[in-house]
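All remarks here apply to the structure that follows.
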Amino acid sequence: MKKEVFQFQTEVKQLLNLIIHSLYSNKEIFLRELISNASDAIDKLRFKAQTEPGLLGSDPDFRIRITADKEKNTLEISDNGVGMTWQEVIDNIGTIAKSGTAGFVEAIEKAKKESAFSPELIGQFGVGFYSAFIVADKVTLVTRAAGSDQAVKWESEGDGNYSIEETQKDTRGTTITLHLREVAEGDADADQNFTDEYEIRSIIKRHSDFISYPVIMAVEKDEPLPENEKVLDSDGKPIGPTTKKVVKDETLNSMKAIWSRNKSEVTEDEYEEFYRHISHNWDKPLDRLHMKFEGATEYDVLVYIPSKAPFDMYYQTRKNGLKLYCKRVLIMDNCEELLPEYMGFLEGIVDAPDLSLNVSREILQQDVLVKNIRKNVVKKVLEMLSKMDEEKYDSFYAEFGNSIKAGVAMDFGNKDKLSELVRFKTTKSEGKNVSLKKYVENMKLDQEFIYYITGDNLTALMNSPHLEALKEKDFEVLLMNEPVDEWVVQNLFEYSGKKLKSAEKGDLDIEKKDEKEIEAFKPVFEFIKGKLDENVKEVKASSRLKESVCCLSGEEYGMSAYMEKIMKASGQEMPKQKRILEINTSHPVFAKIKDMHDKNAANPDLEKYSKMLFDMALVAEGGKLENPASFVKAVGEIMAAAM
């Protein structure tokens with residue numbers, strides 16, 4: 001028979017090393033992960049059999065079996081699910097063809113340094129099978145794909161190599177045998193025996209009680225002796241034992257679909273364990289929504305808001321969506337049609353009995369019921385968020401605030417509700433997030449607009465020259481320091497009747513200008529513009545500045561400096577954006593420049609000072625100088641002359 005030996009990829013070697021040598025707490029989660037994998041394999045076959053009933057053959061009853069052997073110190077988990085072919089074993093077990101692997105390794109290393117590591121990270125990163133190596137020094141997997149006669153054996157000691165060979169297996173499905181690692185006396189977990197019946201029972205009760213398929217184990221029980229086997233005395237009373245030891249299969253889990261039960265019947269522990277099962281997270285969920293929707297059609301919904309964002313929350317490769325069931329049969333694992341993209345942080349299930357079992361994604365996109373489910377889930381989740389107390393919502397927003405902001409730009413129908421949920425730091429909030437409602441309540445009587453400024457550095461924004469006049473008027477300004485904020489302000493034009501206005505674009509219109517004074521500055525403004533023509537569209541007197549000599553602003557409907565920076569960083573070709581150079585005409589520096597220009601417009605220093613004004617404005621907003629060495633040299637010369 002065919003047999004090959006392979007080496008793990010470098011990343012997988014590193015991963016296995018971390019699993020074997022770094023995971024010390026909660027070792028029992030390996031059993032949860034392997035039972036969940038077995039359940040998934042049965043789900044896949046159950047769905048596949050809707051169109052290919054012949055795959056079930058003479059074995060239509062699904063089950064997961066646990067077999068413990070104390071003598072050999074092995075634990076076996078087997079299922080009669082879909083199984084795997086030779087190539088599927090290589091793709092799914094021999095390698096981890098997922099972009100998340102590097103992120104998993106990085107997250108473990110980081111968490112170890114912060115003393116916050118827990119092995120439950122394994123499930124979140126999609127490598128649950130490898131959790132077997134937490135407790136085993138060798139793992140053997142034998143599998144046969146449904147509809148195939150050929151079985152495959154995979155084996156590894158977690159040392160960097162694994163072998164795959166053809167073998168024989170009487171039934172479809174997968175059997176995983178863990179050759180358990182010997183535990184020395186005195187070790188912290190020496191009292192946890194994974195071949196002990198009671199230990200296995202308690203682990204399954206804690207972590208896998210609601211798995212939809214029976215988790216079976218042969219257990220030893222005392223059974224009454226039949227009357228004809230009892231030994232009786234002369235008075236007819238039994239002499240000797242009245243029971244005998246028998247070994248019988250017993251189902252260890254309740255198999256109750258938690259979402260189909262009444263909320264009052266489900267305990268907090270059951271809710272939390274089901275959350276861990278579907279999300280592979282170990283932290284408690286922050287909140288949940290459990291509802292039965294009734295009407296022309298009925299469906300059950302159980303969704304959770306995690307307390308922590310997953311590592312790949314904003315990766316393009318991340319799969320979002322709820323698990324879609326029909327009469328407790330899993331139809332789709334990540335049904336994107338049930339949620340808008342910005343709610344991809346939700347974990348949970350929808351069970352819609354009126355859907356077809358073999359429904360396709362194309363049909364789902366057009367299905368009226370699916371659209372109704374999506375609409376109601378979004379509505380209820382937004383209601384749940386709006387009713388959270390401040391402390392809980394702050395915790396949620398710290399993890400998923402950017403998702404809510406993205407919703408403002410993506411979900412026009414719920415824009416008003418989402419605008420109530422967004423939060424921003426401000427020039428007066430002392431580092432805390434503030435709602436738009438609170439901002440409006442705090443507005444000055446003579447304040448017409450909701451002012452904001454965008455950028456990537458909070459400190460720079462807080463001290464931006466663009467805010468000087470607004471601060472003087474005691475107007476509060478929203479500090480928007482996330483890339484998604486640019487899309488928020490492009491879609492949220494007003495709130496509570498107050499328009500949003502950029503502090504760095506257009507005219508602030510907060511004080512009247514002296515037209516005669518502006519006319520007097522025209523010659524020097526035109527001179528400076530002439531020297532900066534490649535970079536500057538206009539030079540004008542500023543209504544923003546009170547202390548700084550100059551700043552760069554944009555046209556009211558033009559692109560902000562931060563947006564331009566984002567676009568360039570994403571690799572998009574951008575036409576050169578000419579900005580407006582605003583001058584504080586009351587500043588002593590400009591007064592001297594004007595005086596020099598009035599006396600001798602041909603003075604060569606004027607060109608140097610003009611370029612310095614532009615560079616200073618660029619530095620003040622955190623921009624990048626084209627020639628920083630020249631700027632530093634000019635500053636040095638001025639300092640030397642002044643000293």
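Please note that chains go A, B, ... in the order of the structure tokens, that every chain numbers its residues from 1, and that ligands are numbered from 1 in the order shown.
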Shell of 8 Å around A:Tyr275, only C-alpha atoms, local chain residues under 4 positions omitted, as a PyMOL selection string:
chain A and resi 271+279-281+285+304+347-348
Would you list the contacts of stretch 385-397 of chain A as a list in words, taking every protein, DNA or RNA residue within 9 Å and counting only C-alpha atoms, but skipping same-chain residues closer than 6 positions in sequence?
Leu286, Ile305, Pro306, Ser307, Lys308, Ser403, Ile404, Lys417, Glu420, Leu421, Val422, Arg423 and Asn433 of chain A
Give me a file of those residues, with N, CA and C atoms, as a PDB file, in the first residue's frame.
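The result, written out as selection-v4.pdb:
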ATOM      1  N   LEU A 286     -20.061  39.014  25.826  1.00  0.00           N
ATOM      2  CA  LEU A 286     -20.451  40.275  26.461  1.00  0.00           C
ATOM      3  C   LEU A 286     -21.963  40.356  26.630  1.00  0.00           C
ATOM      4  N   ILE A 305     -22.637  38.623  21.343  1.00  0.00           N
ATOM      5  CA  ILE A 305     -21.616  39.642  21.129  1.00  0.00           C
ATOM      6  C   ILE A 305     -20.400  39.217  21.935  1.00  0.00           C
ATOM      7  N   PRO A 306     -19.266  38.935  21.290  1.00  0.00           N
ATOM      8  CA  PRO A 306     -18.065  38.532  22.037  1.00  0.00           C
ATOM      9  C   PRO A 306     -17.565  39.674  22.925  1.00  0.00           C
ATOM     10  N   SER A 307     -16.806  39.320  23.934  1.00  0.00           N
ATOM     11  CA  SER A 307     -16.219  40.347  24.798  1.00  0.00           C
ATOM     12  C   SER A 307     -14.883  40.822  24.251  1.00  0.00           C
ATOM     13  N   LYS A 308     -14.281  40.024  23.346  1.00  0.00           N
ATOM     14  CA  LYS A 308     -13.005  40.398  22.740  1.00  0.00           C
ATOM     15  C   LYS A 308     -13.079  40.217  21.227  1.00  0.00           C
ATOM     16  N   SER A 403     -16.347  48.785  13.774  1.00  0.00           N
ATOM     17  CA  SER A 403     -17.409  48.096  13.024  1.00  0.00           C
ATOM     18  C   SER A 403     -18.673  48.947  12.994  1.00  0.00           C
ATOM     19  N   ILE A 404     -19.001  49.561  14.125  1.00  0.00           N
ATOM     20  CA  ILE A 404     -20.176  50.431  14.179  1.00  0.00           C
ATOM     21  C   ILE A 404     -19.979  51.636  13.262  1.00  0.00           C
ATOM     22  N   LYS A 417     -29.827  55.125  13.551  1.00  0.00           N
ATOM     23  CA  LYS A 417     -29.612  54.320  14.760  1.00  0.00           C
ATOM     24  C   LYS A 417     -28.121  54.157  15.049  1.00  0.00           C
ATOM     25  N   GLU A 420     -26.348  57.083  16.635  1.00  0.00           N
ATOM     26  CA  GLU A 420     -26.520  57.184  18.085  1.00  0.00           C
ATOM     27  C   GLU A 420     -25.472  56.349  18.828  1.00  0.00           C
ATOM     28  N   LEU A 421     -24.895  55.388  18.131  1.00  0.00           N
ATOM     29  CA  LEU A 421     -23.976  54.451  18.780  1.00  0.00           C
ATOM     30  C   LEU A 421     -22.504  54.814  18.614  1.00  0.00           C
ATOM     31  N   VAL A 422     -22.171  55.673  17.628  1.00  0.00           N
ATOM     32  CA  VAL A 422     -20.752  56.010  17.429  1.00  0.00           C
ATOM     33  C   VAL A 422     -20.262  56.907  18.555  1.00  0.00           C
ATOM     34  N   ARG A 423     -18.982  56.795  18.845  1.00  0.00           N
ATOM     35  CA  ARG A 423     -18.348  57.584  19.899  1.00  0.00           C
ATOM     36  C   ARG A 423     -17.018  58.132  19.383  1.00  0.00           C
ATOM     37  N   ASN A 433     -14.480  58.636  25.379  1.00  0.00           N
ATOM     38  CA  ASN A 433     -15.337  58.697  24.197  1.00  0.00           C
ATOM     39  C   ASN A 433     -16.643  59.411  24.512  1.00  0.00           C
TER      40      ASN A 433
END
Counting only C-alpha atoms, the residue of A:Phe521, A:Leu346, A:Asn457, A:Lys428 that sits nearest A:Phe475
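Nearest candidate to A:Phe475 out of A:Phe521, A:Leu346, A:Asn457, A:Lys428: A:Lys428.
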Using only C-alpha atoms, can you tell me which of A:Leu178, A:Leu252, A:Leu330, A:Ile203 comes closest to A:Ala41?
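Using only C-alpha atoms, A:Ala41 sits closest to A:Leu330.
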